[in-house]
Amino acid sequence: MVGRPNVGKSTLLNRLIGQKISIVSSKAQTTRHRVTGILTEADAQFVFVDTPGFQTHHRNALNRSMNRTVSQVLADVDLVFFVIEAGRCSDDDRKVLSVIPGESKVILVINKVDQLKDKARLLPFIDEVRQLRDFTEIVPLSAEKGRNVAELIKAATPLLPTGAPMYEEDEITDRSERFLASEFLREKLFRLLGDELPYGIAVEIEKFEVEGRLRRIHAAVIVDKPGHKAMVIGRGGERLKRISSEARVELEKLFDGKVFLEVWVKVKSGWADDERALKSLGYE
């Protein structure tokens, strides 16, 4: 799945596999890593790869890493879902489209049709976007409401190669629990910091221990400047407590067991433009 930031790729992935594994917020650059979701149907197995939104503005090592991830994924898949918003196809959307190899099979996914106020605009919009490329299929849908998502699976199934399933029937992702813990905590940072969210923010899981059905997780929130540390912690530590508490509740649902989550904040100046720091935080 590719598209510019905020077109709803992660919401679509979560909807397709029926469980939340890819984090969602209204902020650009919420997804920074390759996230794989697995859907096994009676006659097909889909391995969806949710990519970061392709970056056309900020230029630093973090953005280069995210764009590399998109390009690597595109070179190694059988089918591409190119996701755009209903009624909007900007220069940034066209830049993303230009990165998709010419020989790739591409389904144009027009998301957020429920948010299009004038529904009569949809067909002319489809005709307009159809001129950009010879799309294999075009599927308008609403990932948030679940409308027409089944049609996307129906359209994509015959385009998959024949072969044995790559994963067991009950698997939904190839990402580790450690990775999912860092992502769910990062989502709460994005959601609860709102407009105060510093651009240079990341999560590092320093310890992840499993004792029966209990998981003990020690996590550091990485910020770029000392002033950002105070923003994350909040007055009397209230904001960090809330972030930790909401992340813990979601992780307990995801892991189906108790979670002990301890979170603190560290300053690492310039981490988003430091290749070594990015590698240590799991960026590809």
# chains A, B, ... in the order shown; residues from 1 in each chain; ligands from 1
call {"tool": "residues_around", "arguments": {"residues": "Leu132 (chain A)", "least_positions_apart": "3", "cutoff": "10 Å", "atoms": "only C-alpha atoms", "output": "list in words"}}
result
Arg94, Leu97, Ser98, Asp127, Glu128, Val129 and Phe135 of chain A
call {"tool": "write_last_selection", "arguments": {"atoms": "N, CA, C and O atoms", "output": "JSON list (two decimals), in the first residue's frame"}}
result
[["chain", "number", "residue", "atom", "x", "y", "z"],
["A", 94, "ARG", "N", 0.81, 12.51, -7.34],
["A", 94, "ARG", "CA", 1.42, 12.17, -8.64],
["A", 94, "ARG", "C", 2.89, 11.77, -8.48],
["A", 94, "ARG", "O", 3.39, 10.89, -9.18],
["A", 97, "LEU", "N", 2.93, 8.23, -7.38],
["A", 97, "LEU", "CA", 2.60, 7.37, -8.52],
["A", 97, "LEU", "C", 3.80, 7.18, -9.43],
["A", 97, "LEU", "O", 4.03, 6.09, -9.97],
["A", 98, "SER", "N", 4.60, 8.22, -9.59],
["A", 98, "SER", "CA", 5.76, 8.15, -10.48],
["A", 98, "SER", "C", 6.85, 7.21, -9.95],
["A", 98, "SER", "O", 7.71, 6.75, -10.70],
["A", 127, "ASP", "N", -12.73, 9.47, -13.65],
["A", 127, "ASP", "CA", -12.33, 9.65, -15.07],
["A", 127, "ASP", "C", -11.05, 10.47, -15.18],
["A", 127, "ASP", "O", -10.19, 10.19, -16.01],
["A", 128, "GLU", "N", -10.93, 11.48, -14.33],
["A", 128, "GLU", "CA", -9.75, 12.36, -14.35],
["A", 128, "GLU", "C", -8.48, 11.58, -13.93],
["A", 128, "GLU", "O", -7.45, 11.64, -14.59],
["A", 129, "VAL", "N", -8.59, 10.82, -12.83],
["A", 129, "VAL", "CA", -7.42, 10.11, -12.31],
["A", 129, "VAL", "C", -7.06, 8.92, -13.20],
["A", 129, "VAL", "O", -5.89, 8.54, -13.29],
["A", 135, "PHE", "N", -4.51, 1.71, -14.80],
["A", 135, "PHE", "CA", -4.74, 0.96, -13.56],
["A", 135, "PHE", "C", -5.40, -0.38, -13.87],
["A", 135, "PHE", "O", -6.29, -0.46, -14.73]]
call {"tool": "residues_around", "arguments": {"residues": "Val35 (chain A)", "least_positions_apart": "5", "cutoff": "7 Å", "atoms": "only C-alpha atoms", "output": "VMD selection string"}}
result
chain A and resid 22 49 to 51
call {"tool": "select_by_dssp", "arguments": {"residues": "region 80-214 of chain A", "states": "strand (DSSP E or B)", "output": "number ranges by chain"}}
result
A: 80-85, 88, 106-111, 137-140, 142, 147, 201-211, 214
call {"tool": "atom_distance", "arguments": {"atom1": "CA of Val263 (chain A)", "atom2": "CA of Ala219 (chain A)"}}
result
4.9 Å
call {"tool": "closest_residue", "arguments": {"among": "A:Ala181, A:Ile38, A:Ala230, A:Ile110", "to": "Gly18 (chain A)", "atoms": "only C-alpha atoms"}}
result
A:Ile38
